[in-house]
file query10.cif (mmCIF, C-alpha atoms and all ligand atoms)
data_input
loop_
_atom_site.label_atom_id
_atom_site.label_comp_id
_atom_site.auth_asym_id
_atom_site.auth_seq_id
_atom_site.Cartn_x
_atom_site.Cartn_y
_atom_site.Cartn_z
CA MET A 1 0.00 0.00 0.00
CA ASN A 2 1.27 3.43 -0.93
CA GLU A 3 1.54 5.55 2.18
CA THR A 4 2.72 8.81 0.59
CA LEU A 5 1.02 11.70 2.39
CA THR A 6 0.38 14.74 0.20
CA LEU A 7 -0.70 18.09 1.63
CA GLY A 8 -2.76 20.01 -0.96
CA ILE A 9 -3.11 23.81 -0.82
CA GLU A 10 -5.55 25.87 -2.90
CA THR A 11 -6.06 29.68 -2.85
CA SER A 12 -6.69 30.59 -6.50
CA CYS A 13 -9.97 32.48 -5.98
CA ASP A 14 -12.30 32.84 -2.99
CA GLU A 15 -11.78 29.55 -1.17
CA THR A 16 -8.87 28.97 1.23
CA ALA A 17 -8.43 25.21 1.22
CA ALA A 18 -6.09 22.49 2.47
CA ALA A 19 -6.37 18.70 2.33
CA VAL A 20 -4.37 15.61 3.20
CA LEU A 21 -4.34 12.64 0.82
CA ARG A 22 -2.87 9.18 1.47
CA GLY A 23 -1.58 7.54 -1.70
CA GLY A 24 -3.46 8.71 -4.79
CA ARG A 25 -7.06 8.31 -3.72
CA GLU A 26 -7.57 8.10 0.04
CA LEU A 27 -8.72 11.47 1.30
CA LEU A 28 -7.91 11.95 5.00
CA SER A 29 -9.14 15.54 5.32
CA ASN A 30 -10.61 18.26 3.11
CA VAL A 31 -10.94 21.70 4.72
CA ILE A 32 -12.50 24.59 2.81
CA SER A 33 -12.93 28.07 4.23
CA THR A 34 -15.15 29.93 1.80
CA GLN A 35 -15.18 33.70 1.42
CA ILE A 36 -18.45 33.74 -0.52
CA PRO A 37 -20.46 35.64 2.16
CA LEU A 38 -17.73 38.30 2.24
CA HIS A 39 -17.79 38.92 -1.52
CA ARG A 40 -21.56 38.60 -1.87
CA LYS A 41 -22.25 42.23 -0.98
CA PHE A 42 -20.02 43.30 -3.91
CA GLY A 43 -21.76 40.95 -6.37
CA GLY A 44 -18.51 39.12 -7.17
CA VAL A 45 -14.99 38.37 -5.97
CA VAL A 46 -12.95 41.45 -4.98
CA PRO A 47 -9.30 40.37 -5.56
CA GLU A 48 -7.74 42.56 -2.85
CA ILE A 49 -10.21 41.36 -0.22
CA ALA A 50 -9.65 37.75 -1.33
CA SER A 51 -5.87 38.00 -0.88
CA ARG A 52 -6.17 39.57 2.56
CA LYS A 53 -8.64 36.94 3.73
CA HIS A 54 -6.40 34.12 2.41
CA ILE A 55 -3.54 35.52 4.51
CA VAL A 56 -5.69 35.40 7.65
CA ASN A 57 -7.06 31.92 6.88
CA ILE A 58 -4.23 29.95 5.34
CA MET A 59 -2.36 28.69 8.43
CA PRO A 60 -5.50 27.85 10.49
CA VAL A 61 -6.91 25.98 7.47
CA ILE A 62 -3.67 23.99 7.02
CA ASP A 63 -3.59 23.22 10.79
CA GLU A 64 -7.17 22.02 10.65
CA ALA A 65 -6.47 19.78 7.63
CA ILE A 66 -3.49 18.21 9.43
CA ASN A 67 -5.48 17.70 12.65
CA LYS A 68 -8.54 16.28 10.92
CA ALA A 69 -6.32 13.84 9.01
CA GLY A 70 -4.97 12.60 12.35
CA VAL A 71 -1.36 13.05 11.22
CA ASP A 72 1.56 15.20 12.25
CA LEU A 73 2.90 17.93 9.98
CA ARG A 74 6.24 16.05 10.04
CA ASP A 75 4.53 12.98 8.53
CA ILE A 76 3.73 14.88 5.30
CA ASN A 77 5.89 13.67 2.39
CA GLN A 78 5.14 16.33 -0.24
CA ILE A 79 3.14 19.52 -0.81
CA ALA A 80 1.01 20.19 -3.90
CA VAL A 81 -0.08 23.78 -4.46
CA THR A 82 -2.11 25.61 -7.13
CA PHE A 83 0.12 28.02 -9.09
CA GLY A 84 -2.48 29.08 -11.70
CA PRO A 85 -4.80 30.00 -13.26
CA GLY A 86 -6.41 32.38 -10.76
CA LEU A 87 -6.07 35.75 -9.06
CA ALA A 88 -2.38 36.71 -8.74
CA GLY A 89 -2.53 37.98 -5.15
CA ALA A 90 -4.68 35.06 -4.03
CA LEU A 91 -2.40 32.46 -5.65
CA LEU A 92 0.68 34.01 -4.01
CA VAL A 93 -0.69 33.41 -0.51
CA GLY A 94 -1.00 29.66 -1.08
CA LEU A 95 2.36 29.55 -2.87
CA SER A 96 4.17 31.34 -0.05
CA ALA A 97 2.71 29.00 2.56
CA ALA A 98 3.53 25.92 0.48
CA LYS A 99 7.08 27.05 -0.32
CA SER A 100 7.85 27.94 3.30
CA LEU A 101 6.49 24.64 4.62
CA ALA A 102 8.27 22.58 1.96
CA TYR A 103 11.53 24.37 2.80
CA ALA A 104 11.13 24.02 6.57
CA LEU A 105 10.13 20.35 6.35
CA ARG A 106 12.68 19.60 3.58
CA ILE A 107 10.05 17.91 1.41
CA PRO A 108 9.25 18.23 -2.34
CA LEU A 109 6.96 20.91 -3.72
CA ILE A 110 4.60 20.20 -6.66
CA ALA A 111 3.15 23.02 -8.82
CA VAL A 112 -0.42 22.14 -9.81
CA ASN A 113 -2.55 23.55 -12.62
CA HIS A 114 -5.96 24.32 -11.07
CA LEU A 115 -7.87 23.15 -14.18
CA GLU A 116 -6.12 19.77 -14.17
CA GLY A 117 -6.99 19.62 -10.47
CA HIS A 118 -10.71 19.91 -11.26
CA ILE A 119 -10.49 16.81 -13.48
CA PHE A 120 -8.66 14.87 -10.75
CA ALA A 121 -11.53 15.49 -8.29
CA ASN A 122 -13.17 12.59 -10.14
CA PHE A 123 -10.48 10.12 -9.04
CA LEU A 124 -11.46 10.85 -5.43
CA SER A 125 -15.20 10.43 -6.05
CA ALA A 126 -14.68 7.31 -8.20
CA PRO A 127 -11.55 5.42 -7.08
CA GLU A 128 -12.04 2.89 -9.92
CA LEU A 129 -11.74 5.58 -12.63
CA GLU A 130 -8.69 5.36 -14.93
CA PRO A 131 -7.76 7.26 -18.11
CA PRO A 132 -8.34 7.34 -21.05
CA PHE A 133 -11.49 9.47 -20.97
CA LEU A 134 -13.05 12.68 -22.24
CA SER A 135 -13.42 15.47 -19.70
CA LEU A 136 -15.72 18.47 -19.85
CA VAL A 137 -14.26 21.14 -17.55
CA VAL A 138 -16.78 23.86 -16.73
CA SER A 139 -15.81 26.40 -14.09
CA GLY A 140 -16.21 30.09 -13.39
CA GLY A 141 -13.30 30.98 -15.65
CA HIS A 142 -13.04 28.09 -18.11
CA THR A 143 -15.02 25.85 -20.41
CA ALA A 144 -12.96 23.14 -22.10
CA LEU A 145 -13.17 19.68 -23.62
CA ILE A 146 -10.08 17.65 -22.84
CA LYS A 147 -9.02 14.21 -23.97
CA MET A 148 -6.98 12.64 -21.19
CA THR A 149 -5.10 9.58 -22.36
CA ASP A 150 -2.85 9.19 -19.34
CA TYR A 151 -2.48 10.83 -15.89
CA ASN A 152 -0.03 13.28 -17.43
CA ARG A 153 -1.28 13.58 -21.00
CA PHE A 154 -3.99 16.12 -21.77
CA GLU A 155 -5.16 17.06 -25.25
CA LEU A 156 -7.23 20.23 -25.49
CA LEU A 157 -10.00 19.60 -28.07
CA GLY A 158 -11.75 22.93 -27.65
CA GLN A 159 -12.43 25.75 -25.22
CA SER A 160 -14.45 28.91 -24.73
CA ARG A 161 -13.63 31.78 -27.06
CA ASP A 162 -15.23 34.32 -24.70
CA ASP A 163 -17.29 33.89 -21.52
CA ALA A 164 -16.94 30.64 -19.63
CA ALA A 165 -20.16 28.79 -18.78
CA GLY A 166 -19.94 29.70 -15.08
CA GLU A 167 -19.28 33.33 -15.94
CA ALA A 168 -22.49 33.44 -18.04
CA PHE A 169 -24.47 31.93 -15.14
CA ASP A 170 -23.01 34.49 -12.71
CA LYS A 171 -23.57 37.52 -14.97
CA ILE A 172 -27.18 36.68 -15.79
CA ALA A 173 -27.96 35.93 -12.15
CA ARG A 174 -26.52 39.29 -11.18
CA VAL A 175 -28.77 41.18 -13.62
CA MET A 176 -31.73 39.17 -12.33
CA GLY A 177 -30.92 40.38 -8.81
CA LEU A 178 -29.82 36.96 -7.52
CA PRO A 179 -26.93 36.73 -5.01
CA TYR A 180 -23.33 35.74 -5.90
CA PRO A 181 -22.40 33.13 -6.99
CA GLY A 182 -25.23 32.99 -9.49
CA GLY A 183 -24.80 29.42 -10.78
CA PRO A 184 -26.41 27.62 -7.85
CA GLU A 185 -29.16 30.30 -7.68
CA ILE A 186 -30.10 29.85 -11.36
CA ASP A 187 -29.99 26.09 -10.85
CA LYS A 188 -32.50 26.39 -7.96
CA LEU A 189 -34.78 28.87 -9.73
CA ALA A 190 -34.75 26.86 -12.97
CA LYS A 191 -36.39 23.93 -11.17
CA LEU A 192 -39.55 26.09 -10.84
CA GLY A 193 -39.60 27.18 -14.49
CA ASP A 194 -40.35 25.83 -17.97
CA PRO A 195 -37.12 25.23 -19.94
CA ASN A 196 -39.04 25.54 -23.22
CA ALA A 197 -40.82 28.81 -22.36
CA ILE A 198 -38.32 31.08 -24.17
CA THR A 199 -36.19 30.22 -27.18
CA PHE A 200 -32.73 31.69 -26.77
CA PRO A 201 -30.25 31.32 -29.66
CA HIS A 202 -27.92 28.34 -29.47
CA PRO A 203 -24.27 29.41 -29.79
CA LYS A 204 -23.07 28.73 -33.34
CA VAL A 205 -19.44 27.73 -33.03
CA THR A 206 -18.13 24.87 -35.11
CA GLY A 207 -15.81 22.18 -33.78
CA TYR A 208 -15.31 21.81 -30.06
CA ASP A 209 -14.88 25.45 -29.11
CA PHE A 210 -17.57 27.22 -27.11
CA SER A 211 -18.98 30.75 -27.00
CA PHE A 212 -21.50 31.93 -24.45
CA SER A 213 -21.31 35.71 -24.85
CA GLY A 214 -24.01 35.81 -27.60
CA LEU A 215 -26.38 33.79 -25.45
CA LYS A 216 -25.61 36.00 -22.46
CA SER A 217 -26.42 39.13 -24.53
CA ALA A 218 -29.67 37.57 -25.78
CA VAL A 219 -30.82 36.88 -22.21
CA LEU A 220 -29.78 40.36 -21.05
CA ASN A 221 -31.65 41.90 -24.03
CA TYR A 222 -34.73 39.90 -23.14
CA LEU A 223 -34.60 41.19 -19.56
CA ASN A 224 -33.91 44.83 -20.60
CA THR A 225 -36.68 44.87 -23.20
CA ALA A 226 -39.16 43.52 -20.67
CA GLN A 227 -38.09 46.17 -18.17
CA MET A 228 -38.38 49.00 -20.74
CA LYS A 229 -41.87 47.87 -21.71
CA ASP A 230 -42.80 47.49 -18.05
CA LYS A 231 -43.62 43.86 -18.67
CA THR A 232 -43.34 41.42 -15.77
CA ILE A 233 -41.12 38.48 -16.57
CA ASN A 234 -41.28 34.96 -15.25
CA ALA A 235 -37.80 34.74 -13.70
CA ALA A 236 -38.01 30.97 -13.27
CA ASP A 237 -38.79 30.52 -17.00
CA VAL A 238 -35.84 32.77 -17.94
CA ALA A 239 -33.51 30.78 -15.65
CA ALA A 240 -34.78 27.43 -16.94
CA SER A 241 -34.64 28.43 -20.63
CA PHE A 242 -31.14 29.92 -20.31
CA GLN A 243 -29.87 26.92 -18.37
CA LYS A 244 -31.30 24.49 -20.92
CA THR A 245 -29.53 26.31 -23.77
CA VAL A 246 -26.17 26.14 -21.95
CA VAL A 247 -26.64 22.52 -20.88
CA ASP A 248 -27.74 21.35 -24.35
CA THR A 249 -24.74 23.07 -25.95
CA LEU A 250 -22.29 21.52 -23.48
CA ALA A 251 -23.86 18.07 -23.73
CA ASP A 252 -24.09 18.05 -27.57
CA LYS A 253 -20.41 18.93 -28.02
CA THR A 254 -19.26 16.49 -25.34
CA LEU A 255 -21.19 13.59 -26.88
CA ALA A 256 -19.98 14.45 -30.39
CA ALA A 257 -16.35 14.53 -29.19
CA ALA A 258 -16.73 11.21 -27.36
CA GLU A 259 -18.00 9.65 -30.56
CA GLU A 260 -15.36 11.19 -32.84
CA PHE A 261 -12.47 10.21 -30.56
CA GLY A 262 -13.88 6.81 -29.62
CA LEU A 263 -13.90 7.51 -25.86
CA ASP A 264 -16.37 5.54 -23.76
CA LYS A 265 -15.97 7.41 -20.46
CA ILE A 266 -17.16 10.99 -19.88
CA VAL A 267 -15.87 12.89 -16.87
CA LEU A 268 -17.49 16.13 -15.74
CA ALA A 269 -15.40 18.65 -13.77
CA GLY A 270 -15.40 22.20 -12.35
CA GLY A 271 -17.89 24.28 -10.37
CA VAL A 272 -20.63 24.10 -13.01
CA ALA A 273 -20.46 20.29 -12.73
CA ALA A 274 -22.59 20.87 -9.61
CA ASN A 275 -25.45 21.97 -11.90
CA SER A 276 -28.27 19.46 -11.47
CA SER A 277 -29.55 19.76 -15.03
CA LEU A 278 -26.10 19.34 -16.63
CA GLU A 279 -25.41 16.27 -14.52
CA LYS A 280 -28.84 14.75 -15.27
CA THR A 281 -28.72 15.51 -19.01
CA LEU A 282 -25.26 14.01 -19.43
CA ARG A 283 -26.04 11.00 -17.24
CA THR A 284 -29.19 10.19 -19.24
CA ALA A 285 -27.46 10.71 -22.60
CA CYS A 286 -24.52 8.52 -21.54
CA GLN A 287 -26.85 5.75 -20.36
CA ARG A 288 -28.61 5.81 -23.73
CA ARG A 289 -25.32 5.53 -25.62
CA GLY A 290 -23.71 2.94 -23.36
CA LEU A 291 -21.05 5.40 -22.14
CA GLU A 292 -19.78 5.52 -18.56
CA PHE A 293 -20.39 8.82 -16.82
CA PHE A 294 -18.45 10.28 -13.88
CA TYR A 295 -18.90 13.50 -11.94
CA PRO A 296 -17.46 14.56 -8.58
CA SER A 297 -19.45 14.75 -5.36
CA LYS A 298 -20.78 18.31 -4.81
CA ILE A 299 -18.05 19.31 -2.35
CA LEU A 300 -15.35 18.23 -4.83
CA CYS A 301 -16.97 20.05 -7.81
CA THR A 302 -16.19 23.58 -6.62
CA ASP A 303 -12.73 24.73 -5.53
CA ASN A 304 -10.99 22.51 -2.98
CA ALA A 305 -7.48 21.31 -2.11
CA ALA A 306 -8.25 17.58 -2.24
CA MET A 307 -8.27 17.71 -6.05
CA ILE A 308 -4.96 19.63 -5.97
CA ALA A 309 -3.35 17.00 -3.73
CA CYS A 310 -4.62 14.24 -6.04
CA ARG A 311 -3.30 15.97 -9.18
CA GLY A 312 0.02 16.55 -7.40
CA TYR A 313 0.31 12.90 -6.41
CA TYR A 314 0.10 11.71 -10.02
CA GLN A 315 2.20 14.51 -11.49
CA LYS A 316 5.61 13.21 -10.38
CA THR A 317 7.40 16.43 -11.36
CA PHE A 318 8.66 18.87 -8.75
CA ALA A 319 9.10 22.61 -8.44
CA ASP A 320 11.71 24.65 -6.60
CA SER A 321 11.57 27.82 -4.52
CA THR A 322 11.56 30.04 -7.63
CA LEU A 323 8.00 28.88 -8.37
CA ASN A 324 5.78 31.87 -9.14
CA ALA A 325 2.05 32.39 -9.69
CA VAL A 326 0.85 32.18 -13.31
CA PRO A 327 -2.59 33.87 -13.25
CA ASN A 328 -3.47 33.12 -16.90
CA LEU A 329 -2.06 29.58 -17.00
CA GLY A 330 -3.72 27.47 -19.70
CA LEU A 331 -4.03 23.73 -19.93
O1 LIG B 1 -14.63 25.71 -10.29
P1 LIG B 1 -15.16 26.82 -9.51
O2 LIG B 1 -15.49 26.60 -8.06
O3 LIG B 1 -14.20 28.05 -9.55
C1 LIG B 1 -13.41 28.33 -10.67
O4 LIG B 1 -12.36 27.67 -10.80
O5 LIG B 1 -13.85 29.19 -11.44
O6 LIG B 1 -16.45 27.32 -10.29
C2 LIG B 1 -17.24 28.36 -9.83
C3 LIG B 1 -18.37 28.53 -10.80
C4 LIG B 1 -19.18 29.79 -10.55
O7 LIG B 1 -19.37 30.46 -11.77
C5 LIG B 1 -20.50 29.23 -10.01
O8 LIG B 1 -21.61 30.06 -10.30
C6 LIG B 1 -20.59 27.93 -10.76
O9 LIG B 1 -19.28 27.42 -10.72
N1 LIG B 1 -21.53 26.98 -10.12
C7 LIG B 1 -22.66 26.56 -10.72
C8 LIG B 1 -23.31 25.72 -9.78
N2 LIG B 1 -22.54 25.66 -8.65
C9 LIG B 1 -21.44 26.44 -8.89
N3 LIG B 1 -23.16 26.81 -11.94
C10 LIG B 1 -24.34 26.26 -12.26
N4 LIG B 1 -25.04 25.47 -11.40
C11 LIG B 1 -24.57 25.17 -10.17
N5 LIG B 1 -25.26 24.37 -9.35
ZN ZN B 2 -11.98 26.12 -9.88
#
call {"tool": "encode", "arguments": {"input": "query10.cif", "output": "structure tokens"}}
result
Amino acid sequence: MNETLTLGIETSCDETAAAVLRGGRELLSNVISTQIPLHRKFGGVVPEIASRKHIVNIMPVIDEAINKAGVDLRDINQIAVTFGPGLAGALLVGLSAAKSLAYALRIPLIAVNHLEGHIFANFLSAPELEPPFLSLVVSGGHTALIKMTDYNRFELLGQSRDDAAGEAFDKIARVMGLPYPGGPEIDKLAKLGDPNAITFPHPKVTGYDFSFSGLKSAVLNYLNTAQMKDKTINAADVAASFQKTVVDTLADKTLAAAEEFGLDKIVLAGGVAANSSLEKTLRTACQRRGLEFFYPSKILCTDNAAMIACRGYYQKTFADSTLNAVPNLGL
């Protein structure tokens, strides 16, 4: 049995998180201190406030992760930390903590790409999962279809040319007066509405790239026009119709890519993976086509350090103390 203990650290946006992983898949602790209530009154993440809060939270969160895991800090064999993409100031807090601890404990440091981390959340929810598979990564900042043939081989098939799926959810929710983050709010509201009530245009992008800015504008236009004409709108119908358009677009491209590349496993990842309609639509479509479908448990969908520890464990490449934050890191 592999007893390697990895400490994961994540501070790329508005969650300060630390986790301890034994081997590649046994999660011993997963601590997340969310700043969402703090940013809510501003309608989105304020980078300066996020950095300051990470500074206050980082050491208590790491201590809690170590204690909950029932281990001693000196038992940790390696530290995996997110170095991008994300907010520069926020990333630097996690990096500084990870670098200092790795130096003091004389253990290796692993630089983890946050987007790859999201995919690896699935290995924790489904310990039997192995590559190759097709992954749809949908987060607040990214929408991408990735063919993963090995733990360290990722092929980007397509990505968003403008707004990410989560971004579109958040922006529309904001205009509708729903609290930040908007994704879960739209998800909830959509359950009360008719997804076929309003026809919004489906994004017309060929291949496996995505574009959600046209759809976002169409929904905003619909809301503005109604307001100008003093017409009451059915907010639940707007939420349901918008969500259906996004979900259908994501599902159609994912299924087409699985077919073209002959992949029989589909793996959903990122914060938007928590969307109930996306999960249900993909699960049903996969069942119909005889494909296996994986998605992380809710707590592992949104930002966490368990996925960072897991990615770090399989990465097998190490960083040194010159490691810096790369805010616009791609896949
Ligand atoms: O992966 P994540 O936690 O952070 C980034 O790396 O960006 O994703 C956050 C995004 C936000 O846009 C949030 O609104 C969205 O995930 N999200 C959802 C749901 N839960 C979170 N979007 C739709 N439905 C949900 N249930
Ligand atoms: Zn994320």
call {"tool": "atom_distance", "arguments": {"input": "query10.cif", "atom1": "CA of Cys13 in chain A", "atom2": "CA of Ser139 in chain A"}}
result
11.7 Å
call {"tool": "closest_residue", "arguments": {"input": "query10.cif", "among": "A:Ser12, A:Ser125, A:Thr249, A:Ser29", "to": "Asn113 in chain A", "atoms": "all atoms listed in the file"}}
result
A:Ser12
call {"tool": "closest_residue", "arguments": {"input": "query10.cif", "among": "A:Ile32, A:Leu255, A:Ala80, A:Leu21", "to": "Arg288 in chain A", "atoms": "all atoms listed in the file"}}
result
A:Leu255
call {"tool": "residues_near_ligand", "arguments": {"input": "query10.cif", "ligand": "ligand ZN 2 (chain B)", "cutoff": "6 Å", "atoms": "all atoms listed in the file", "output": "PyMOL selection string"}}
result
chain A and resi 139+270+302-303
call {"tool": "residues_around", "arguments": {"input": "query10.cif", "residues": "Leu38 in chain A", "least_positions_apart": "4", "cutoff": "10 Å", "atoms": "all atoms listed in the file", "output": "list in words"}}
result
Asp14, Thr34, Phe42, Gly43, Gly44, Val45, Val46, Ile49, Ala50 and Lys53 of chain A
call {"tool": "residues_near_ligand", "arguments": {"input": "query10.cif", "ligand": "ligand LIG 1 (chain B)", "cutoff": "10 Å", "atoms": "only C-alpha atoms and all ligand atoms", "output": "MDAnalysis selection string"}}
result
chainID A and resid 12:15 44 85:86 114:115 117:118 137:143 164:171 173 180:188 190 243 246:247 269:279 298:304
call {"tool": "atom_distance", "arguments": {"input": "query10.cif", "atom1": "CA of Asn196 in chain A", "atom2": "CA of Phe294 in chain A"}}
result
27.3 Å
call {"tool": "closest_residue", "arguments": {"input": "query10.cif", "among": "A:Ser33, A:Glu10, A:Ala226, A:Leu136", "to": "Leu95 in chain A", "atoms": "all atoms listed in the file"}}
result
A:Glu10
call {"tool": "residues_around", "arguments": {"input": "query10.cif", "residues": "Ala257 in chain A", "least_positions_apart": "5", "cutoff": "12 Å", "atoms": "only C-alpha atoms", "output": "list in words"}}
result
Phe133, Leu134, Ser135, Leu136, Ala144, Leu145, Ile146, Lys147, Leu156, Leu157, Gly158, Gly207, Tyr208, Asp209, Leu250, Ala251, Asp252, Gly262, Leu263, Asp264, Lys265 and Ile266 of chain A
call {"tool": "atom_distance", "arguments": {"input": "query10.cif", "atom1": "CA of Phe120 in chain A", "atom2": "CA of Cys286 in chain A"}}
result
20.2 Å
call {"tool": "closest_residue", "arguments": {"input": "query10.cif", "among": "A:Gln78, A:Thr284, A:Asn67, A:Ser213", "to": "Tyr103 in chain A", "atoms": "only C-alpha atoms"}}
result
A:Gln78
call {"tool": "residues_around", "arguments": {"input": "query10.cif", "residues": "Asp194 in chain A", "least_positions_apart": "6", "cutoff": "12 Å", "atoms": "all atoms listed in the file", "output": "number ranges by chain"}}
result
A: 234-244
call {"tool": "closest_residue", "arguments": {"input": "query10.cif", "among": "A:Ile58, A:Pro47, A:Leu215, A:Asp75", "to": "Glu3 in chain A", "atoms": "only C-alpha atoms"}}
result
A:Asp75
call {"tool": "closest_residue", "arguments": {"input": "query10.cif", "among": "A:Ser321, A:Thr199, A:Gln315, A:Asn77", "to": "Arg153 in chain A", "atoms": "all atoms listed in the file"}}
result
A:Gln315
call {"tool": "residues_around", "arguments": {"input": "query10.cif", "residues": "Arg311 in chain A", "least_positions_apart": "3", "cutoff": "10 Å", "atoms": "all atoms listed in the file", "output": "ChimeraX atom specification"}}
result
/A:8,24,80-82,110-121,123,151-152,305-308,314-316
